[in-house]
Amino acid sequence: MEAKAIRQKYLDFFVKHGHSVIKSAPLVPDNDPTCLFTTAGMHPLVPFLQGAKHPAGNRLTDVQKCVRTGDIDDVGDPVHLTFFEMLGNWSLGDYFKKEAIDMSFDFLTGAENLNIPLENLAFTVFAGDEDAPFDAEAYQMWLDHGVKAERIAKLPKADNWWGPAGVTGPCGPDTEMFYWTGDGAAPEVFDPKDKRWVEIWNNVFMQYNKKADGTFEPLAQQNVDTGMGLERITAVLQGKKSCYETELFARIFAEIDAIRGVEAVPAADRTASERIIADHLRAATFIIGDGITPGNVDQGYVLRRLIRRAIREGRKLGVQGEFTGRIAQAVIAEFGDVYTELKDNAEKILEALKIEEKQFATALEKGTREFEKLIARVPAHIQKKVISGKNAFNLYETYGFPLELTIEMAHENNFEVDEKGFAEAYAKHQELSRQGAEQKFKGGLADHSEATARLHTATHLLHAALRKVLGDHVGQKGSNITAERLRFDFSHEEKMTPEQLAEVEALVNDAIKRELPVVMEEMDVEAARESGAIGLFGDRYGDRVKVYTIGDVSKEICGGPHAGNTAELKSFKIQKEESSSRGVRRIKAVIGA
């Protein structure tokens, strides 16, 4: 079964069971400081999992675009992906375990659905501990569907428990579904440590609230959150060893072959370099399609790293000249019908890639000059000439020089490279990056406290003020809010003058002093557009949206949370204005305590 059919079957199945299809949210989460990118289908639904009413109802389903870069250095093997699609369905205080498990079993085994033989499936449930009991309900429900006890593993929190995202908050057991990918019949007894059993679906039951004292209490609103990776389920159903062997990558690999001028090779024989190019440029195309451009911080930095790593791998394969745009066109051709923002923003995607390739070429030229300076410093009489691991890593990180290129150029000049020192520097860099990723990719429920609600409201006032001072070309490009400050990215080419910043600050403070009410209305997208609300229309929102109006100052589509009145903000102070990425500026600001 092809991915396109699986996508549609999934959505159709849950619509039949009373779910509303919602649009995939953008890859950059709205006002979630815990994540640089949307890493799971639940992220856009955080306010609704916490009790806010969703305009589409309390049964939802979608196919969500996701990016995870915690394992970026592992991409190149047959398993890891940066960008992927997540099939999901949710109950927001509606059905719970029985209905979720019934539907999961039906979708997996039903003849009109995935039609997977039961003998090829296995399951896990939460074993229980001193904090929470064994999930006897989920266990019995699988038995009731004819699953043998030997095929249900009882596992601890490390395997079958979700959350909380922080020290306290929503959490609960999950049940996971596995598919046998080994040769021959599946073993009678399920061993979850056997890698031939591949997890294909996960149902999380948000059942408890963990309190500050470490105890658990039942949640007022119990939710179901599920996730099935499209690439993975497509591969296992097709009997492929890797998602790179499916049709989702066929068009991209064909373009890589055309660029190289080589005959097509079997999908299973693709090299690590080919997989990196395919994965990274697929991810980059989607990220740019959602409005991010390469830069030196946050999402822009991740994007730049993806593009440049793909270019380096292209060099390894002998590719000369610009080629990323051709790969992006293959991605747009493959996915543009499902994610229309790719087609709508095709020109911007290709332009951003073209500029980045040119800038990277310039960086490589600078790196070559830096290399020449390094070897020129070494006296000619020294017998054993070595480029230190630190300097080799600096060439890699700053100028994009792969270690292989540094070694090649070193040998041409009778130098050696301290490869062990490079590996140590690289490992240290990875550890620092991972620590940063753990902060940015917690993958949990964002902070929706009173403080963040007030700051969120301030971003609406700031957005309106910027449009009034700079012009209607200003649009939100990103927002990151913690309990202490707001950070707002917006489209604007030039550095703001002190006078412009002062005027913006004054406009926001004036709105605060006027004690304007913040009013929310639900309406369909067309009515929101006609009312003058600003927001990224089209695929970003579903059929019904929430529109927040702040007096005569601001009217904006948003998911919340918000203050009830501008007076709650007390005061507004811009701390810094700077460049975020090409064509995008960034303001950091605080409000009164």
# chains A, B, ... in the order shown; residues from 1 in each chain; ligands from 1
call {"tool": "select_by_dssp", "arguments": {"residues": "range 448-587 of chain A", "states": "alpha helix (DSSP H)", "output": "PyMOL selection string"}}
result
chain A and resi 450-470+498-513+525-530
call {"tool": "write_last_selection", "arguments": {"atoms": "C-alpha atoms", "output": "compact mmCIF listing (two decimals), in the first residue's frame"}}
result
# COMPACT_ATOMS: atom_id res chain seq x y z
CA GLU A 450 -0.96 33.74 33.56
CA ALA A 451 2.44 35.33 32.87
CA THR A 452 2.73 33.81 29.40
CA ALA A 453 -0.89 34.72 28.63
CA ARG A 454 -0.09 38.37 29.36
CA LEU A 455 3.06 38.26 27.21
CA HIS A 456 1.13 36.54 24.43
CA THR A 457 -1.34 39.41 24.46
CA ALA A 458 1.59 41.83 24.28
CA THR A 459 2.74 40.20 21.01
CA HIS A 460 -0.62 41.11 19.44
CA LEU A 461 -0.18 44.73 20.47
CA LEU A 462 3.44 44.70 19.27
CA HIS A 463 2.43 43.21 15.93
CA ALA A 464 -0.20 45.90 15.41
CA ALA A 465 2.23 48.67 16.40
CA LEU A 466 4.93 47.41 14.04
CA ARG A 467 2.47 47.36 11.13
CA LYS A 468 1.40 50.91 11.96
CA VAL A 469 4.98 52.23 12.19
CA LEU A 470 6.71 50.17 9.49
CA PRO A 498 15.72 54.30 17.63
CA GLU A 499 12.84 56.61 16.69
CA GLN A 500 10.82 53.74 15.21
CA LEU A 501 11.42 51.57 18.27
CA ALA A 502 10.36 54.38 20.58
CA GLU A 503 7.16 54.92 18.57
CA VAL A 504 6.30 51.20 18.64
CA GLU A 505 6.89 51.03 22.38
CA ALA A 506 4.73 54.11 22.94
CA LEU A 507 1.85 52.64 20.89
CA VAL A 508 1.85 49.43 22.91
CA ASN A 509 1.98 51.31 26.23
CA ASP A 510 -0.87 53.54 25.09
CA ALA A 511 -3.02 50.45 24.42
CA ILE A 512 -2.15 49.14 27.89
CA LYS A 513 -3.12 52.44 29.56
CA VAL A 525 -12.16 31.58 8.05
CA GLU A 526 -14.00 33.64 5.43
CA ALA A 527 -15.82 35.65 8.09
CA ALA A 528 -12.51 36.23 9.87
CA ARG A 529 -10.97 37.47 6.64
CA GLU A 530 -13.90 39.80 5.94
call {"tool": "residues_around", "arguments": {"residues": "Gln299 in chain A", "least_positions_apart": "5", "cutoff": "8 Å", "atoms": "only C-alpha atoms", "output": "ChimeraX atom specification"}}
result
/A:36-37,292,294
call {"tool": "residues_around", "arguments": {"residues": "range 350-367 of chain A", "least_positions_apart": "2", "cutoff": "9 Å", "atoms": "only C-alpha atoms", "output": "ChimeraX atom specification"}}
result
/A:284-285,288,293-294,304,307-308,311,321-326,328-329,345-348,369-372,395-396,398-401
call {"tool": "write_last_selection", "arguments": {"atoms": "N, CA and C atoms", "output": "PDB file, in the first residue's frame"}}
result
ATOM      1  N   ALA A 284      14.534  20.755   4.504  1.00  0.00           N
ATOM      2  CA  ALA A 284      14.784  22.179   4.235  1.00  0.00           C
ATOM      3  C   ALA A 284      13.677  22.778   3.381  1.00  0.00           C
ATOM      4  N   THR A 285      13.216  22.033   2.392  1.00  0.00           N
ATOM      5  CA  THR A 285      12.148  22.525   1.510  1.00  0.00           C
ATOM      6  C   THR A 285      10.886  22.809   2.312  1.00  0.00           C
ATOM      7  N   ILE A 288      11.508  25.963   4.722  1.00  0.00           N
ATOM      8  CA  ILE A 288      11.429  27.234   3.994  1.00  0.00           C
ATOM      9  C   ILE A 288       9.994  27.499   3.553  1.00  0.00           C
ATOM     10  N   THR A 293      13.929  31.213   6.836  1.00  0.00           N
ATOM     11  CA  THR A 293      15.065  31.328   5.933  1.00  0.00           C
ATOM     12  C   THR A 293      16.351  31.024   6.699  1.00  0.00           C
ATOM     13  N   PRO A 294      17.398  30.607   5.998  1.00  0.00           N
ATOM     14  CA  PRO A 294      18.656  30.268   6.680  1.00  0.00           C
ATOM     15  C   PRO A 294      19.200  31.440   7.475  1.00  0.00           C
ATOM     16  N   ARG A 304      20.081  26.206   8.000  1.00  0.00           N
ATOM     17  CA  ARG A 304      21.384  26.410   7.344  1.00  0.00           C
ATOM     18  C   ARG A 304      22.252  25.154   7.460  1.00  0.00           C
ATOM     19  N   ILE A 307      21.020  22.433   5.019  1.00  0.00           N
ATOM     20  CA  ILE A 307      21.364  22.717   3.616  1.00  0.00           C
ATOM     21  C   ILE A 307      22.851  22.507   3.374  1.00  0.00           C
ATOM     22  N   ARG A 308      23.677  23.037   4.259  1.00  0.00           N
ATOM     23  CA  ARG A 308      25.121  22.965   4.041  1.00  0.00           C
ATOM     24  C   ARG A 308      25.649  21.542   4.183  1.00  0.00           C
ATOM     25  N   ILE A 311      24.921  19.924   0.924  1.00  0.00           N
ATOM     26  CA  ILE A 311      25.864  20.362  -0.113  1.00  0.00           C
ATOM     27  C   ILE A 311      27.203  19.659   0.050  1.00  0.00           C
ATOM     28  N   GLY A 321      28.743  22.658  -8.607  1.00  0.00           N
ATOM     29  CA  GLY A 321      27.748  23.666  -8.942  1.00  0.00           C
ATOM     30  C   GLY A 321      26.495  23.528  -8.093  1.00  0.00           C
ATOM     31  N   GLU A 322      25.530  24.402  -8.348  1.00  0.00           N
ATOM     32  CA  GLU A 322      24.302  24.447  -7.548  1.00  0.00           C
ATOM     33  C   GLU A 322      23.377  23.290  -7.916  1.00  0.00           C
ATOM     34  N   PHE A 323      22.795  22.662  -6.910  1.00  0.00           N
ATOM     35  CA  PHE A 323      21.901  21.543  -7.183  1.00  0.00           C
ATOM     36  C   PHE A 323      20.732  21.453  -6.212  1.00  0.00           C
ATOM     37  N   THR A 324      20.755  22.204  -5.113  1.00  0.00           N
ATOM     38  CA  THR A 324      19.713  22.045  -4.100  1.00  0.00           C
ATOM     39  C   THR A 324      18.324  22.409  -4.627  1.00  0.00           C
ATOM     40  N   GLY A 325      18.255  23.380  -5.523  1.00  0.00           N
ATOM     41  CA  GLY A 325      16.974  23.778  -6.081  1.00  0.00           C
ATOM     42  C   GLY A 325      16.315  22.651  -6.865  1.00  0.00           C
ATOM     43  N   ARG A 326      17.122  21.855  -7.556  1.00  0.00           N
ATOM     44  CA  ARG A 326      16.567  20.737  -8.331  1.00  0.00           C
ATOM     45  C   ARG A 326      15.973  19.679  -7.397  1.00  0.00           C
ATOM     46  N   ALA A 328      14.786  20.357  -4.407  1.00  0.00           N
ATOM     47  CA  ALA A 328      13.578  20.977  -3.852  1.00  0.00           C
ATOM     48  C   ALA A 328      12.407  20.858  -4.820  1.00  0.00           C
ATOM     49  N   GLN A 329      12.672  21.015  -6.106  1.00  0.00           N
ATOM     50  CA  GLN A 329      11.597  20.871  -7.088  1.00  0.00           C
ATOM     51  C   GLN A 329      11.025  19.461  -7.086  1.00  0.00           C
ATOM     52  N   ASN A 345       4.681  28.553  -2.270  1.00  0.00           N
ATOM     53  CA  ASN A 345       5.927  29.241  -1.916  1.00  0.00           C
ATOM     54  C   ASN A 345       7.134  28.708  -2.681  1.00  0.00           C
ATOM     55  N   ALA A 346       6.872  28.051  -3.809  1.00  0.00           N
ATOM     56  CA  ALA A 346       7.958  27.425  -4.570  1.00  0.00           C
ATOM     57  C   ALA A 346       9.049  28.424  -4.952  1.00  0.00           C
ATOM     58  N   GLU A 347       8.650  29.596  -5.397  1.00  0.00           N
ATOM     59  CA  GLU A 347       9.628  30.598  -5.822  1.00  0.00           C
ATOM     60  C   GLU A 347      10.518  31.026  -4.649  1.00  0.00           C
ATOM     61  N   LYS A 348       9.901  31.230  -3.476  1.00  0.00           N
ATOM     62  CA  LYS A 348      10.672  31.620  -2.289  1.00  0.00           C
ATOM     63  C   LYS A 348      11.616  30.504  -1.856  1.00  0.00           C
ATOM     64  N   ARG A 369      41.194  30.007   2.253  1.00  0.00           N
ATOM     65  CA  ARG A 369      42.186  31.014   2.627  1.00  0.00           C
ATOM     66  C   ARG A 369      42.637  30.810   4.073  1.00  0.00           C
ATOM     67  N   GLU A 370      41.681  30.450   4.962  1.00  0.00           N
ATOM     68  CA  GLU A 370      42.013  30.188   6.353  1.00  0.00           C
ATOM     69  C   GLU A 370      42.943  28.979   6.461  1.00  0.00           C
ATOM     70  N   PHE A 371      42.661  27.960   5.643  1.00  0.00           N
ATOM     71  CA  PHE A 371      43.522  26.769   5.623  1.00  0.00           C
ATOM     72  C   PHE A 371      44.946  27.162   5.217  1.00  0.00           C
ATOM     73  N   GLU A 372      45.043  27.984   4.200  1.00  0.00           N
ATOM     74  CA  GLU A 372      46.363  28.411   3.722  1.00  0.00           C
ATOM     75  C   GLU A 372      47.109  29.214   4.788  1.00  0.00           C
ATOM     76  N   LEU A 395      37.516  24.671  10.901  1.00  0.00           N
ATOM     77  CA  LEU A 395      37.268  24.715   9.453  1.00  0.00           C
ATOM     78  C   LEU A 395      35.932  24.056   9.116  1.00  0.00           C
ATOM     79  N   TYR A 396      35.630  22.977   9.827  1.00  0.00           N
ATOM     80  CA  TYR A 396      34.373  22.244   9.593  1.00  0.00           C
ATOM     81  C   TYR A 396      33.165  23.066  10.034  1.00  0.00           C
ATOM     82  N   THR A 398      32.934  26.395  11.069  1.00  0.00           N
ATOM     83  CA  THR A 398      32.814  27.787  10.634  1.00  0.00           C
ATOM     84  C   THR A 398      32.675  27.918   9.118  1.00  0.00           C
ATOM     85  N   TYR A 399      33.412  27.096   8.383  1.00  0.00           N
ATOM     86  CA  TYR A 399      33.449  27.254   6.924  1.00  0.00           C
ATOM     87  C   TYR A 399      32.838  26.081   6.170  1.00  0.00           C
ATOM     88  N   GLY A 400      32.384  25.070   6.897  1.00  0.00           N
ATOM     89  CA  GLY A 400      31.728  23.955   6.233  1.00  0.00           C
ATOM     90  C   GLY A 400      32.669  22.952   5.608  1.00  0.00           C
ATOM     91  N   PHE A 401      33.951  23.002   5.990  1.00  0.00           N
ATOM     92  CA  PHE A 401      34.913  22.053   5.428  1.00  0.00           C
ATOM     93  C   PHE A 401      34.687  20.664   6.022  1.00  0.00           C
TER      94      PHE A 401
END
call {"tool": "atom_distance", "arguments": {"atom1": "CA of Leu281 in chain A", "atom2": "CA of Ile200 in chain A"}}
result
25.1 Å
call {"tool": "atom_distance", "arguments": {"atom1": "CA of Asp552 in chain A", "atom2": "CA of Gly564 in chain A"}}
result
15.2 Å
call {"tool": "residues_around", "arguments": {"residues": "range 268-274 of chain A", "least_positions_apart": "5", "cutoff": "7 Å", "atoms": "only C-alpha atoms", "output": "list in words"}}
result
Gly76, Asp77, Glu245 and Glu313 of chain A
call {"tool": "residues_around", "arguments": {"residues": "Asp298 in chain A", "least_positions_apart": "2", "cutoff": "12 Å", "atoms": "only C-alpha atoms", "output": "ChimeraX atom specification"}}
result
/A:28,33,35-37,69,292-296,300-305,433,436-437,440-441,478-480,487,489,579-581,586
call {"tool": "residues_around", "arguments": {"residues": "Tyr95 in chain A", "least_positions_apart": "2", "cutoff": "9 Å", "atoms": "only C-alpha atoms", "output": "PyMOL selection string"}}
result
chain A and resi 59+91-93+97-100+222-224
call {"tool": "residues_around", "arguments": {"residues": "Gly421 in chain A", "least_positions_apart": "5", "cutoff": "7 Å", "atoms": "only C-alpha atoms", "output": "VMD selection string"}}
result
chain A and resid 388 to 390
call {"tool": "write_last_selection", "arguments": {"atoms": "all heavy atoms", "output": "PDB file, in the first residue's frame"}}
result
ATOM      1  N   SER A 388      46.007  20.815  13.838  1.00  0.00           N
ATOM      2  CA  SER A 388      45.397  20.343  15.078  1.00  0.00           C
ATOM      3  C   SER A 388      43.929  19.989  14.885  1.00  0.00           C
ATOM      4  O   SER A 388      43.253  20.480  13.967  1.00  0.00           O
ATOM      5  CB  SER A 388      45.518  21.409  16.168  1.00  0.00           C
ATOM      6  OG  SER A 388      44.657  22.503  15.883  1.00  0.00           O
ATOM      7  N   GLY A 389      43.437  19.133  15.788  1.00  0.00           N
ATOM      8  CA  GLY A 389      42.030  18.759  15.747  1.00  0.00           C
ATOM      9  C   GLY A 389      41.133  19.965  15.941  1.00  0.00           C
ATOM     10  O   GLY A 389      40.076  20.082  15.311  1.00  0.00           O
ATOM     11  N   LYS A 390      41.569  20.901  16.800  1.00  0.00           N
ATOM     12  CA  LYS A 390      40.782  22.114  17.053  1.00  0.00           C
ATOM     13  C   LYS A 390      40.658  22.949  15.786  1.00  0.00           C
ATOM     14  O   LYS A 390      39.576  23.436  15.446  1.00  0.00           O
ATOM     15  CB  LYS A 390      41.439  22.923  18.158  1.00  0.00           C
ATOM     16  CG  LYS A 390      40.710  24.216  18.508  1.00  0.00           C
ATOM     17  CD  LYS A 390      41.441  24.983  19.610  1.00  0.00           C
ATOM     18  CE  LYS A 390      40.734  26.294  19.914  1.00  0.00           C
ATOM     19  NZ  LYS A 390      41.449  27.069  20.965  1.00  0.00           N
TER      20      LYS A 390
END
call {"tool": "closest_residue", "arguments": {"among": "A:Leu87, A:Leu155, A:Gly172, A:Ala149", "to": "Lys193 in chain A", "atoms": "only C-alpha atoms"}}
result
A:Leu155
call {"tool": "closest_residue", "arguments": {"among": "A:Ser554, A:Thr82, A:Asn89, A:Gln476", "to": "Gln64 in chain A", "atoms": "only C-alpha atoms"}}
result
A:Asn89
call {"tool": "atom_distance", "arguments": {"atom1": "CA of Pro133 in chain A", "atom2": "CA of Trp162 in chain A"}}
result
14.5 Å
call {"tool": "select_by_dssp", "arguments": {"residues": "range 36-69 of chain A", "states": "strand (DSSP E)", "output": "list in words"}}
result
Arg59, Leu60, Thr61, Asp62, Val63, Gln64, Lys65, Cys66 and Val67 of chain A
